[in-house]
$ cat coords.cif   # mmCIF, C-alpha atoms and all ligand atoms
data_query
#
loop_
_atom_site.group_PDB
_atom_site.id
_atom_site.type_symbol
_atom_site.label_atom_id
_atom_site.label_comp_id
_atom_site.auth_asym_id
_atom_site.auth_seq_id
_atom_site.Cartn_x
_atom_site.Cartn_y
_atom_site.Cartn_z
ATOM 1 C CA MET A 1 -0.415 -18.467 34.279
ATOM 2 C CA HIS A 2 -1.227 -17.279 30.753
ATOM 3 C CA PRO A 3 -4.826 -18.047 29.718
ATOM 4 C CA PRO A 4 -5.029 -20.364 26.671
ATOM 5 C CA ILE A 5 -4.755 -18.380 23.414
ATOM 6 C CA GLU A 6 -8.004 -20.069 22.312
ATOM 7 C CA ASP A 7 -9.880 -18.225 25.087
ATOM 8 C CA VAL A 8 -11.168 -15.211 23.178
ATOM 9 C CA SER A 9 -13.967 -13.176 24.755
ATOM 10 C CA ILE A 10 -15.821 -9.918 24.300
ATOM 11 C CA ASN A 11 -16.448 -7.341 27.023
ATOM 12 C CA SER A 12 -19.747 -5.643 27.856
ATOM 13 C CA LYS A 13 -18.894 -2.730 25.519
ATOM 14 C CA GLY A 14 -18.197 -4.800 22.415
ATOM 15 C CA ALA A 15 -14.387 -4.928 22.627
ATOM 16 C CA ILE A 16 -12.982 -8.290 21.510
ATOM 17 C CA LEU A 17 -10.209 -9.338 23.929
ATOM 18 C CA ILE A 18 -7.240 -10.917 22.143
ATOM 19 C CA GLY A 19 -4.250 -12.461 23.950
ATOM 20 C CA SER A 20 -3.427 -10.591 27.153
ATOM 21 C CA GLU A 21 -2.477 -7.207 25.633
ATOM 22 C CA PHE A 22 -5.002 -6.271 22.942
ATOM 23 C CA ALA A 23 -8.676 -5.427 22.486
ATOM 24 C CA ALA A 24 -10.373 -4.769 19.146
ATOM 25 C CA ASP A 25 -13.192 -2.482 18.015
ATOM 26 C CA GLY A 26 -14.570 -1.443 21.404
ATOM 27 C CA PRO A 27 -13.564 0.379 24.601
ATOM 28 C CA CYS A 28 -11.302 -1.406 27.103
ATOM 29 C CA SER A 29 -9.160 0.802 29.355
ATOM 30 C CA GLU A 30 -6.724 -1.947 30.470
ATOM 31 C CA ARG A 31 -5.595 -3.000 26.984
ATOM 32 C CA THR A 32 -4.069 -1.560 23.825
ATOM 33 C CA LEU A 33 -6.954 -1.010 21.412
ATOM 34 C CA PHE A 34 -7.075 -1.821 17.742
ATOM 35 C CA VAL A 35 -9.717 -0.128 15.557
ATOM 36 C CA SER A 36 -10.200 -2.155 12.363
ATOM 37 C CA HIS A 37 -11.974 0.573 10.356
ATOM 38 C CA ALA A 38 -13.991 3.764 10.679
ATOM 39 C CA HIS A 39 -17.592 2.480 10.558
ATOM 40 C CA SER A 40 -19.484 3.725 13.609
ATOM 41 C CA ASP A 41 -19.999 0.265 15.188
ATOM 42 C CA HIS A 42 -16.215 -0.249 15.292
ATOM 43 C CA ILE A 43 -14.922 3.076 16.652
ATOM 44 C CA GLY A 44 -16.317 2.842 20.203
ATOM 45 C CA GLY A 45 -12.740 2.634 21.512
ATOM 46 C CA LEU A 46 -11.928 6.011 19.960
ATOM 47 C CA ARG A 47 -15.177 7.570 21.133
ATOM 48 C CA ARG A 48 -14.819 6.553 24.761
ATOM 49 C CA ARG A 49 -11.129 6.400 25.478
ATOM 50 C CA GLY A 50 -10.011 5.714 29.000
ATOM 51 C CA GLY A 51 -6.905 4.424 30.723
ATOM 52 C CA SER A 52 -3.408 5.109 29.502
ATOM 53 C CA ARG A 53 -3.023 2.531 26.751
ATOM 54 C CA GLU A 54 -2.734 3.552 23.116
ATOM 55 C CA THR A 55 -5.268 3.042 20.355
ATOM 56 C CA LEU A 56 -3.906 1.663 17.079
ATOM 57 C CA CYS A 57 -5.387 2.097 13.613
ATOM 58 C CA THR A 58 -4.291 2.934 10.088
ATOM 59 C CA PRO A 59 -3.772 6.623 9.183
ATOM 60 C CA ALA A 60 -6.817 6.572 6.857
ATOM 61 C CA THR A 61 -9.044 5.010 9.532
ATOM 62 C CA TYR A 62 -7.985 7.753 11.929
ATOM 63 C CA ASP A 63 -8.871 10.520 9.445
ATOM 64 C CA LEU A 64 -12.255 8.965 8.567
ATOM 65 C CA ALA A 65 -13.067 8.381 12.260
ATOM 66 C CA CYS A 66 -12.167 12.011 13.075
ATOM 67 C CA HIS A 67 -14.580 13.106 10.336
ATOM 68 C CA THR A 68 -17.360 10.963 11.868
ATOM 69 C CA LEU A 69 -16.624 12.046 15.454
ATOM 70 C CA GLY A 70 -16.137 15.735 14.636
ATOM 71 C CA TYR A 71 -12.920 15.917 16.690
ATOM 72 C CA ARG A 72 -9.462 14.350 16.698
ATOM 73 C CA PRO A 73 -9.127 11.955 19.664
ATOM 74 C CA SER A 74 -5.717 11.871 21.361
ATOM 75 C CA GLY A 75 -3.678 8.823 22.363
ATOM 76 C CA VAL A 76 -3.923 7.307 18.890
ATOM 77 C CA ARG A 77 -0.936 5.734 17.161
ATOM 78 C CA THR A 78 -1.369 5.289 13.425
ATOM 79 C CA VAL A 79 0.255 2.167 12.006
ATOM 80 C CA GLY A 80 0.727 1.073 8.394
ATOM 81 C CA TYR A 81 0.081 -2.404 7.017
ATOM 82 C CA SER A 82 2.720 -5.108 7.646
ATOM 83 C CA LYS A 83 4.492 -3.060 10.358
ATOM 84 C CA PRO A 84 4.697 -5.202 13.518
ATOM 85 C CA VAL A 85 3.998 -3.445 16.823
ATOM 86 C CA ALA A 86 5.096 -5.167 20.065
ATOM 87 C CA TYR A 87 3.407 -4.870 23.461
ATOM 88 C CA GLY A 88 4.815 -7.012 26.247
ATOM 89 C CA GLU A 89 5.477 -10.374 24.646
ATOM 90 C CA GLU A 90 2.778 -10.003 21.999
ATOM 91 C CA ILE A 91 3.152 -8.638 18.476
ATOM 92 C CA LEU A 92 0.310 -7.128 16.453
ATOM 93 C CA THR A 93 0.565 -6.648 12.682
ATOM 94 C CA LEU A 94 -2.072 -5.037 10.461
ATOM 95 C CA TYR A 95 -3.000 -6.448 7.055
ATOM 96 C CA PRO A 96 -5.344 -4.954 4.446
ATOM 97 C CA ALA A 97 -9.053 -5.742 4.351
ATOM 98 C CA THR A 98 -11.129 -4.795 1.321
ATOM 99 C CA HIS A 99 -14.061 -2.947 2.922
ATOM 100 C CA ILE A 100 -13.685 0.841 3.203
ATOM 101 C CA LEU A 101 -10.650 3.106 2.976
ATOM 102 C CA GLY A 102 -8.140 2.215 5.705
ATOM 103 C CA SER A 103 -9.749 -1.099 6.759
ATOM 104 C CA ALA A 104 -7.356 -3.534 8.392
ATOM 105 C CA GLN A 105 -7.245 -7.068 9.703
ATOM 106 C CA ALA A 106 -4.989 -7.811 12.675
ATOM 107 C CA LEU A 107 -2.702 -10.736 13.394
ATOM 108 C CA VAL A 108 -1.583 -11.106 17.022
ATOM 109 C CA GLU A 109 1.355 -13.444 17.622
ATOM 110 C CA THR A 110 2.252 -14.725 21.081
ATOM 111 C CA ARG A 111 4.461 -17.452 22.550
ATOM 112 C CA PHE A 112 1.332 -19.530 22.929
ATOM 113 C CA GLY A 113 -0.033 -19.212 19.396
ATOM 114 C CA SER A 114 -1.566 -16.705 16.989
ATOM 115 C CA VAL A 115 -4.937 -14.978 16.628
ATOM 116 C CA ALA A 116 -6.282 -13.320 13.467
ATOM 117 C CA TYR A 117 -9.157 -10.821 13.505
ATOM 118 C CA THR A 118 -10.725 -9.981 10.147
ATOM 119 C CA GLY A 119 -12.813 -6.926 11.071
ATOM 120 C CA ASP A 120 -15.278 -6.320 8.214
ATOM 121 C CA PHE A 121 -14.137 -7.468 4.788
ATOM 122 C CA LYS A 122 -15.249 -8.449 1.330
ATOM 123 C CA GLN A 123 -13.769 -10.637 -1.351
ATOM 124 C CA PRO A 124 -11.934 -10.614 -3.646
ATOM 125 C CA GLY A 125 -8.993 -8.604 -2.389
ATOM 126 C CA THR A 126 -8.729 -9.468 1.314
ATOM 127 C CA PRO A 127 -5.676 -11.628 2.107
ATOM 128 C CA ILE A 128 -6.399 -14.767 4.141
ATOM 129 C CA LEU A 129 -4.596 -14.741 7.503
ATOM 130 C CA GLY A 130 -3.602 -18.178 8.749
ATOM 131 C CA ALA A 131 -3.658 -18.414 12.571
ATOM 132 C CA ASP A 132 -4.491 -20.813 15.402
ATOM 133 C CA VAL A 133 -7.558 -18.766 16.275
ATOM 134 C CA LEU A 134 -9.700 -16.837 13.796
ATOM 135 C CA ILE A 135 -12.155 -14.114 14.822
ATOM 136 C CA MET A 136 -14.375 -13.056 11.954
ATOM 137 C CA GLU A 137 -17.251 -10.799 11.034
ATOM 138 C CA ALA A 138 -20.644 -12.433 10.437
ATOM 139 C CA THR A 139 -22.731 -9.736 8.715
ATOM 140 C CA TYR A 140 -23.914 -12.118 5.974
ATOM 141 C CA GLY A 141 -23.271 -15.272 7.986
ATOM 142 C CA ALA A 142 -26.575 -17.025 7.225
ATOM 143 C CA PRO A 143 -26.995 -19.331 4.192
ATOM 144 C CA ILE A 144 -29.725 -17.050 2.756
ATOM 145 C CA TYR A 145 -26.977 -14.505 2.041
ATOM 146 C CA ARG A 146 -25.499 -16.138 -1.020
ATOM 147 C CA ARG A 147 -25.046 -13.780 -3.910
ATOM 148 C CA GLU A 148 -25.674 -15.037 -7.388
ATOM 149 C CA VAL A 149 -22.786 -14.557 -9.759
ATOM 150 C CA GLY A 150 -22.772 -11.015 -11.100
ATOM 151 C CA ASP A 151 -20.508 -8.059 -11.208
ATOM 152 C CA ALA A 152 -21.854 -5.047 -9.311
ATOM 153 C CA GLU A 153 -19.218 -2.781 -10.834
ATOM 154 C CA VAL A 154 -20.256 -3.691 -14.384
ATOM 155 C CA ALA A 155 -23.938 -3.284 -13.446
ATOM 156 C CA LEU A 156 -23.276 0.202 -12.075
ATOM 157 C CA VAL A 157 -21.302 1.347 -15.129
ATOM 158 C CA GLU A 158 -23.896 -0.104 -17.536
ATOM 159 C CA THR A 159 -26.860 1.436 -15.702
ATOM 160 C CA VAL A 160 -25.222 4.864 -15.601
ATOM 161 C CA GLU A 161 -24.176 4.720 -19.265
ATOM 162 C CA LYS A 162 -27.621 3.583 -20.414
ATOM 163 C CA HIS A 163 -29.502 6.370 -18.617
ATOM 164 C CA LEU A 164 -27.108 9.275 -19.143
ATOM 165 C CA HIS A 165 -28.834 9.695 -22.519
ATOM 166 C CA ASP A 166 -32.057 10.558 -20.644
ATOM 167 C CA GLY A 167 -30.492 13.306 -18.524
ATOM 168 C CA PRO A 168 -28.573 13.578 -15.251
ATOM 169 C CA ILE A 169 -28.204 10.717 -12.794
ATOM 170 C CA CYS A 170 -28.071 10.942 -9.016
ATOM 171 C CA ILE A 171 -26.313 8.212 -7.031
ATOM 172 C CA TYR A 172 -27.200 7.952 -3.325
ATOM 173 C CA GLY A 173 -25.242 5.910 -0.794
ATOM 174 C CA TYR A 174 -23.721 5.729 2.664
ATOM 175 C CA THR A 175 -20.370 7.340 3.372
ATOM 176 C CA SER A 176 -17.583 5.390 1.637
ATOM 177 C CA LYS A 177 -19.976 3.539 -0.680
ATOM 178 C CA VAL A 178 -20.467 6.781 -2.648
ATOM 179 C CA GLN A 179 -16.715 7.298 -2.988
ATOM 180 C CA GLU A 180 -16.319 3.661 -4.050
ATOM 181 C CA ALA A 181 -18.984 4.140 -6.751
ATOM 182 C CA LEU A 182 -17.260 7.300 -7.983
ATOM 183 C CA ALA A 183 -13.993 5.353 -8.285
ATOM 184 C CA ILE A 184 -15.753 2.569 -10.232
ATOM 185 C CA LEU A 185 -17.037 5.052 -12.840
ATOM 186 C CA ARG A 186 -13.562 6.514 -13.314
ATOM 187 C CA GLY A 187 -12.301 5.783 -16.815
ATOM 188 C CA PHE A 188 -15.609 4.253 -17.971
ATOM 189 C CA ILE A 189 -18.084 7.129 -17.885
ATOM 190 C CA ASP A 190 -17.523 10.366 -19.747
ATOM 191 C CA ALA A 191 -19.625 12.836 -17.752
ATOM 192 C CA GLU A 192 -19.318 15.642 -15.253
ATOM 193 C CA PHE A 193 -19.215 14.292 -11.682
ATOM 194 C CA LEU A 194 -20.798 16.482 -8.993
ATOM 195 C CA LEU A 195 -20.539 15.783 -5.249
ATOM 196 C CA ASP A 196 -22.573 17.384 -2.483
ATOM 197 C CA SER A 197 -20.503 18.849 0.343
ATOM 198 C CA ALA A 198 -20.881 15.799 2.660
ATOM 199 C CA CYS A 199 -19.606 13.441 -0.072
ATOM 200 C CA ASP A 200 -16.862 15.911 -1.000
ATOM 201 C CA LYS A 201 -15.487 16.024 2.569
ATOM 202 C CA VAL A 202 -15.085 12.238 2.660
ATOM 203 C CA ALA A 203 -13.769 12.129 -0.940
ATOM 204 C CA LYS A 204 -10.996 14.529 0.119
ATOM 205 C CA ILE A 205 -9.900 12.024 2.808
ATOM 206 C CA TYR A 206 -9.874 9.260 0.177
ATOM 207 C CA LEU A 207 -7.721 11.412 -2.132
ATOM 208 C CA LYS A 208 -5.358 12.333 0.725
ATOM 209 C CA HIS A 209 -4.662 8.627 1.256
ATOM 210 C CA GLY A 210 -3.916 7.887 -2.389
ATOM 211 C CA PHE A 211 -7.315 6.504 -3.456
ATOM 212 C CA LYS A 212 -7.872 7.222 -7.151
ATOM 213 C CA LEU A 213 -11.012 9.233 -7.916
ATOM 214 C CA PRO A 214 -11.957 10.986 -11.149
ATOM 215 C CA LYS A 215 -11.957 14.764 -11.328
ATOM 216 C CA TYR A 216 -15.197 16.135 -9.855
ATOM 217 C CA ASN A 217 -16.846 19.438 -8.997
ATOM 218 C CA LEU A 218 -18.888 20.568 -6.024
ATOM 219 C CA LEU A 219 -22.611 20.283 -6.614
ATOM 220 C CA ASP A 220 -24.394 23.365 -7.755
ATOM 221 C CA GLN A 221 -28.068 22.781 -8.597
ATOM 222 C CA GLU A 222 -27.810 24.635 -11.914
ATOM 223 C CA LYS A 223 -24.988 22.429 -13.107
ATOM 224 C CA ALA A 224 -26.836 19.102 -12.645
ATOM 225 C CA GLU A 225 -27.940 18.862 -16.247
ATOM 226 C CA GLY A 226 -26.934 17.076 -19.429
ATOM 227 C CA ARG A 227 -24.290 14.372 -19.007
ATOM 228 C CA SER A 228 -23.753 14.730 -15.298
ATOM 229 C CA VAL A 229 -23.655 12.252 -12.425
ATOM 230 C CA VAL A 230 -24.479 13.646 -8.987
ATOM 231 C CA PHE A 231 -23.421 11.900 -5.753
ATOM 232 C CA LYS A 232 -25.315 12.419 -2.495
ATOM 233 C CA SER A 233 -25.708 10.822 0.929
ATOM 234 C CA LEU A 234 -28.370 8.124 1.208
ATOM 235 C CA SER A 235 -30.338 10.349 3.613
ATOM 236 C CA LYS A 236 -31.226 12.551 0.612
ATOM 237 C CA ALA A 237 -32.656 9.680 -1.445
ATOM 238 C CA ARG A 238 -36.296 10.732 -0.909
ATOM 239 C CA GLU A 239 -35.806 14.164 -2.429
ATOM 240 C CA ARG A 240 -37.124 15.026 -5.893
ATOM 241 C CA PHE A 241 -34.596 14.662 -8.663
ATOM 242 C CA GLN A 242 -35.087 15.466 -12.348
ATOM 243 C CA GLY A 243 -33.357 12.426 -13.776
ATOM 244 C CA THR A 244 -32.565 8.812 -12.934
ATOM 245 C CA LYS A 245 -31.898 7.879 -9.303
ATOM 246 C CA ILE A 246 -29.539 5.060 -8.334
ATOM 247 C CA LEU A 247 -29.586 3.869 -4.708
ATOM 248 C CA LEU A 248 -26.553 1.893 -3.541
ATOM 249 C CA THR A 249 -27.404 -0.827 -1.050
ATOM 250 C CA GLY A 250 -25.406 -3.454 0.848
ATOM 251 C CA TRP A 251 -27.893 -6.252 0.358
ATOM 252 C CA ALA A 252 -30.696 -6.916 -2.141
ATOM 253 C CA PRO A 253 -31.833 -10.222 -3.648
ATOM 254 C CA SER A 254 -30.860 -9.044 -7.150
ATOM 255 C CA LEU A 255 -27.880 -7.126 -8.416
ATOM 256 C CA VAL A 256 -30.113 -4.478 -10.004
ATOM 257 C CA THR A 257 -33.686 -3.823 -8.824
ATOM 258 C CA ARG A 258 -36.134 -1.391 -10.417
ATOM 259 C CA VAL A 259 -37.453 1.110 -7.824
ATOM 260 C CA GLU A 260 -39.556 4.246 -8.115
ATOM 261 C CA GLY A 261 -37.571 6.882 -9.983
ATOM 262 C CA GLY A 262 -34.724 4.574 -10.922
ATOM 263 C CA TYR A 263 -32.748 1.608 -9.642
ATOM 264 C CA MET A 264 -31.278 0.022 -6.563
ATOM 265 C CA ILE A 265 -27.861 -1.548 -7.131
ATOM 266 C CA ARG A 266 -26.282 -3.986 -4.725
ATOM 267 C CA LEU A 267 -22.728 -2.853 -4.031
ATOM 268 C CA SER A 268 -21.722 -4.790 -0.953
ATOM 269 C CA ASP A 269 -18.706 -4.157 1.264
ATOM 270 C CA HIS A 270 -19.062 -7.516 3.023
ATOM 271 C CA ALA A 271 -18.217 -11.105 2.186
ATOM 272 C CA ASP A 272 -21.317 -13.215 1.577
ATOM 273 C CA TYR A 273 -21.985 -16.548 3.329
ATOM 274 C CA ASN A 274 -19.917 -18.613 0.868
ATOM 275 C CA GLN A 275 -16.987 -16.194 1.023
ATOM 276 C CA LEU A 276 -17.005 -16.271 4.849
ATOM 277 C CA LEU A 277 -16.835 -20.084 4.786
ATOM 278 C CA ASN A 278 -14.109 -19.974 2.103
ATOM 279 C CA TYR A 279 -12.006 -17.713 4.326
ATOM 280 C CA VAL A 280 -12.225 -20.208 7.212
ATOM 281 C CA GLU A 281 -11.488 -23.148 4.915
ATOM 282 C CA GLU A 282 -8.320 -21.497 3.580
ATOM 283 C CA ALA A 283 -7.137 -20.066 6.924
ATOM 284 C CA LYS A 284 -7.399 -23.520 8.591
ATOM 285 C CA PRO A 285 -7.677 -22.272 12.204
ATOM 286 C CA LYS A 286 -8.139 -24.620 15.170
ATOM 287 C CA VAL A 287 -11.061 -22.580 16.433
ATOM 288 C CA VAL A 288 -13.221 -19.747 15.057
ATOM 289 C CA TYR A 289 -15.116 -16.988 16.875
ATOM 290 C CA THR A 290 -17.842 -15.056 15.075
ATOM 291 C CA ASP A 291 -18.628 -11.454 16.013
ATOM 292 C CA GLY A 292 -22.142 -11.382 17.441
ATOM 293 C CA TRP A 293 -21.786 -7.900 18.884
ATOM 294 C CA ARG A 294 -22.058 -6.321 15.451
ATOM 295 C CA SER A 295 -24.099 -8.995 13.631
ATOM 296 C CA SER A 296 -27.254 -11.046 14.187
ATOM 297 C CA TYR A 297 -25.888 -14.081 12.350
ATOM 298 C CA ALA A 298 -22.884 -14.994 14.520
ATOM 299 C CA LYS A 299 -24.627 -18.033 16.045
ATOM 300 C CA VAL A 300 -25.826 -19.289 12.670
ATOM 301 C CA LEU A 301 -22.393 -18.841 11.106
ATOM 302 C CA ALA A 302 -20.623 -20.622 13.999
ATOM 303 C CA LYS A 303 -22.975 -23.582 13.608
ATOM 304 C CA GLU A 304 -22.470 -23.649 9.823
ATOM 305 C CA ILE A 305 -18.666 -23.614 10.260
ATOM 306 C CA GLU A 306 -18.851 -26.559 12.672
ATOM 307 C CA ASN A 307 -21.280 -28.558 10.534
ATOM 308 C CA ARG A 308 -19.772 -27.881 7.125
ATOM 309 C CA LEU A 309 -16.060 -27.577 7.873
ATOM 310 C CA GLY A 310 -15.728 -29.595 11.094
ATOM 311 C CA ILE A 311 -13.900 -26.721 12.824
ATOM 312 C CA LYS A 312 -14.848 -25.665 16.360
ATOM 313 C CA ALA A 313 -16.670 -22.328 16.280
ATOM 314 C CA HIS A 314 -18.330 -20.079 18.875
ATOM 315 C CA PRO A 315 -20.272 -16.830 18.651
ATOM 316 C CA LEU A 316 -19.116 -13.831 20.716
ATOM 317 C CA PRO A 317 -20.535 -13.274 23.250
ATOM 318 C CA ARG A 318 -20.841 -17.003 23.867
HETATM 319 ZN ZN ZN J 1 -17.790 -1.922 8.367
#
$ encode --input "coords.cif" --output "structure tokens" --more "lines below"
Ligand SMILES: [Zn+2]
Amino acid sequence: MHPPIEDVSINSKGAILIGSEFAADGPCSERTLFVSHAHSDHIGGLRRRGGSRETLCTPATYDLACHTLGYRPSGVRTVGYSKPVAYGEEILTLYPATHILGSAQALVETRFGSVAYTGDFKQPGTPILGADVLIMEATYGAPIYRREVGDAEVALVETVEKHLHDGPICIYGYTSKVQEALAILRGFIDAEFLLDSACDKVAKIYLKHGFKLPKYNLLDQEKAEGRSVVFKSLSKARERFQGTKILLTGWAPSLVTRVEGGYMIRLSDHADYNQLLNYVEEAKPKVVYTDGWRSSYAKVLAKEIENRLGIKAHPLPR
């Protein structure tokens, strides 16, 4: 007998088990794996492959994951958005998620109903997947994580423009956030862009997959002068820099915060609390599961969904 489609669970390694064929974002040797995107807490299935089943992800996710892992895992089948893939009687289709390059949501359709898994996402830009069962991220799933209205992209452009008059600027951020910031400045800031080699390697993957970035040069200390914007990994943020520093962060109470040597700008890749609830409201699932393997707020979010929207919701693991 087929288990009810509403019975979603998570294994001891963080893989979310969907239907009877698929597992998402963690190792599971008996099922076909889906990797939603290349952040390190989602690529466990690529890191520790086992069994004979394939691993599915977008081509860009595969390239970014290979960069993180330092090798190219085998047994991976890259799949584009909106291209259904059938296993047994179940069909999996990937849809875009606005998060990092290559991020995907998955919709699994079976004879018994459908299951959507968001992976990590932000709004606007992520299409809402309607399904009987919705599995969603919960990074900012608590009511304290409500962003005030404000445009991070405008704040970044304005801060850079204002301080370029004082000399060079250095922007520090995690992988992908730096490339996103570089893309935001494209067309708005007339300056020389300089990337350190770590940022350059990832930027090349972005360019390979059609992401639009402005022309940039490799960082050479002597060139970081005048109207130039330097991009470096967040791990370098404590170093001395002769100019204004901008630290990119996922969460901060304000859009722009003054810090020693410059500013911290909130450039989030995740939906906030209100946007998570809006997704559920529009998707109209019968039941929701929140990912507690990768977030501390899954229980809180599940309770909020039940109380505010009247839809059954459970954290994973339960
Ligand atoms: Zn992520």
$ atom_distance --input "coords.cif" --atom1 "CA of Phe241 in chain A" --atom2 "CA of Lys204 in chain A"
25.2 Å
$ residues_near_point --input "coords.cif" --point "(-4.5, 0.3, 18.2)" --cutoff "8 Å" --atoms "only C-alpha atoms" --output "ChimeraX atom specification"
/A:24,32-35,54-57,76-78
$ resolve_selection --input "coords.cif" --expression "the PyMOL selection byres (((not hetatm)) within 7 of (chain J and resi 1))" --output "list in words"
His37, His39, His99 and Asp120 of chain A
$ atom_distance --input "coords.cif" --atom1 "CA of Pro59 in chain A" --atom2 "CA of His209 in chain A"
8.2 Å
$ closest_residue --input "coords.cif" --among "A:Gln275, A:Ser197, A:Ser228, A:Thr139" --to "Val300 in chain A" --atoms "all atoms listed in the file"
A:Thr139
$ closest_residue --input "coords.cif" --among "A:Ala116, A:Val230, A:Ile184, A:Leu309" --to "Lys212 in chain A" --atoms "all atoms listed in the file"
A:Ile184
$ closest_atom_pairs --input "coords.cif" --of "range 48-116 of chain A" --to "range 250-269 of chain A" --cutoff "12 Å" --atoms "all atoms listed in the file" --output "CSV"
residue,atom,partner,partner_atom,distance
A:Ala97,CA,A:Asp269,CA,10.3
A:Thr98,CA,A:Asp269,CA,7.6
A:His99,CA,A:Asp269,CA,5.1
A:Ile100,CA,A:Asp269,CA,7.3
A:Leu101,CA,A:Asp269,CA,11.0
A:Ser103,CA,A:Asp269,CA,10.9
$ residues_near_point --input "coords.cif" --point "(-24.3, -19.6, -5.2)" --cutoff "12 Å" --atoms "only C-alpha atoms" --output "VMD selection string"
chain A and resid 143 to 150 272 to 275
$ resolve_selection --input "coords.cif" --expression "the PyMOL selection byres (((chain A and resi 40) around 10) and not hetatm)" --output "list of chain:residue names"
A:Asp25, A:His37, A:Ala38, A:His39, A:Asp41, A:His42, A:Ile43, A:Gly44, A:Arg47, A:Ala65, A:Thr68, A:Leu69
$ closest_residue --input "coords.cif" --among "A:Leu129, A:Leu107, A:Val160, A:Ala191" --to "Leu247 in chain A" --atoms "only C-alpha atoms"
A:Val160
$ closest_residue --input "coords.cif" --among "A:Asp220, A:Glu21, A:Tyr62, A:Ile205" --to "Val108 in chain A" --atoms "all atoms listed in the file"
A:Glu21
$ resolve_selection --input "coords.cif" --expression "the PyMOL selection byres (((chain A and resi 242) around 10) and not hetatm)" --output "PyMOL selection string"
chain A and resi 167-170+224-225+240-241+243-245+261
$ atom_distance --input "coords.cif" --atom1 "CA of Leu195 in chain A" --atom2 "CA of Val178 in chain A"
9.4 Å
$ closest_residue --input "coords.cif" --among "A:Glu109, A:Tyr279, A:Val85, A:Asp200" --to "Ile18 in chain A" --atoms "only C-alpha atoms"
A:Glu109
$ closest_residue --input "coords.cif" --among "A:Leu207, A:Val133, A:Ala183, A:Ile246" --to "Leu164 in chain A" --atoms "only C-alpha atoms"
A:Ile246
$ residues_around --input "coords.cif" --residues "Ile10 in chain A" --least-positions-apart "5" --cutoff "10 Å" --atoms "only C-alpha atoms" --output "JSON, numbers by chain"
{"A": [15, 16, 17, 18, 23, 24, 26, 291, 292, 293, 315, 316, 317, 318]}
$ residues_around --input "coords.cif" --residues "Ser52 in chain A" --least-positions-apart "6" --cutoff "10 Å" --atoms "all atoms listed in the file" --output "NGL selection string"
:A and (29-32 or 75)
$ decode --input "coords.cif" --residues "range 308-317 of chain A" --atoms "N, CA, C and O atoms" --output "PDB file, in the first residue's frame"
ATOM      1  N   ARG A 308      -2.561  31.385  12.347  1.00  0.00           N
ATOM      2  CA  ARG A 308      -2.949  32.544  11.527  1.00  0.00           C
ATOM      3  C   ARG A 308      -3.710  32.152  10.272  1.00  0.00           C
ATOM      4  O   ARG A 308      -4.558  32.897   9.805  1.00  0.00           O
ATOM      5  N   LEU A 309      -3.360  30.995   9.689  1.00  0.00           N
ATOM      6  CA  LEU A 309      -3.977  30.636   8.407  1.00  0.00           C
ATOM      7  C   LEU A 309      -4.945  29.455   8.535  1.00  0.00           C
ATOM      8  O   LEU A 309      -5.652  29.131   7.585  1.00  0.00           O
ATOM      9  N   GLY A 310      -4.932  28.786   9.682  1.00  0.00           N
ATOM     10  CA  GLY A 310      -5.835  27.646   9.877  1.00  0.00           C
ATOM     11  C   GLY A 310      -5.472  26.451   9.005  1.00  0.00           C
ATOM     12  O   GLY A 310      -6.329  25.645   8.645  1.00  0.00           O
ATOM     13  N   ILE A 311      -4.200  26.339   8.632  1.00  0.00           N
ATOM     14  CA  ILE A 311      -3.745  25.204   7.812  1.00  0.00           C
ATOM     15  C   ILE A 311      -2.850  24.323   8.686  1.00  0.00           C
ATOM     16  O   ILE A 311      -1.987  24.829   9.410  1.00  0.00           O
ATOM     17  N   LYS A 312      -3.077  23.004   8.611  1.00  0.00           N
ATOM     18  CA  LYS A 312      -2.264  22.080   9.412  1.00  0.00           C
ATOM     19  C   LYS A 312      -0.785  22.236   9.068  1.00  0.00           C
ATOM     20  O   LYS A 312      -0.430  22.294   7.884  1.00  0.00           O
ATOM     21  N   ALA A 313       0.068  22.296  10.078  1.00  0.00           N
ATOM     22  CA  ALA A 313       1.499  22.470   9.796  1.00  0.00           C
ATOM     23  C   ALA A 313       2.333  21.746  10.843  1.00  0.00           C
ATOM     24  O   ALA A 313       1.991  21.739  12.030  1.00  0.00           O
ATOM     25  N   HIS A 314       3.420  21.117  10.394  1.00  0.00           N
ATOM     26  CA  HIS A 314       4.307  20.366  11.291  1.00  0.00           C
ATOM     27  C   HIS A 314       5.756  20.710  10.988  1.00  0.00           C
ATOM     28  O   HIS A 314       6.124  20.840   9.819  1.00  0.00           O
ATOM     29  N   PRO A 315       6.593  20.794  12.030  1.00  0.00           N
ATOM     30  CA  PRO A 315       8.026  20.938  11.764  1.00  0.00           C
ATOM     31  C   PRO A 315       8.634  19.579  11.412  1.00  0.00           C
ATOM     32  O   PRO A 315       8.112  18.545  11.810  1.00  0.00           O
ATOM     33  N   LEU A 316       9.719  19.601  10.654  1.00  0.00           N
ATOM     34  CA  LEU A 316      10.491  18.383  10.353  1.00  0.00           C
ATOM     35  C   LEU A 316      11.866  18.516  11.005  1.00  0.00           C
ATOM     36  O   LEU A 316      12.522  19.524  10.776  1.00  0.00           O
ATOM     37  N   PRO A 317      12.371  17.582  11.792  1.00  0.00           N
ATOM     38  CA  PRO A 317      11.634  16.395  12.218  1.00  0.00           C
ATOM     39  C   PRO A 317      10.496  16.777  13.157  1.00  0.00           C
ATOM     40  O   PRO A 317      10.545  17.803  13.800  1.00  0.00           O
TER      41      PRO A 317
END
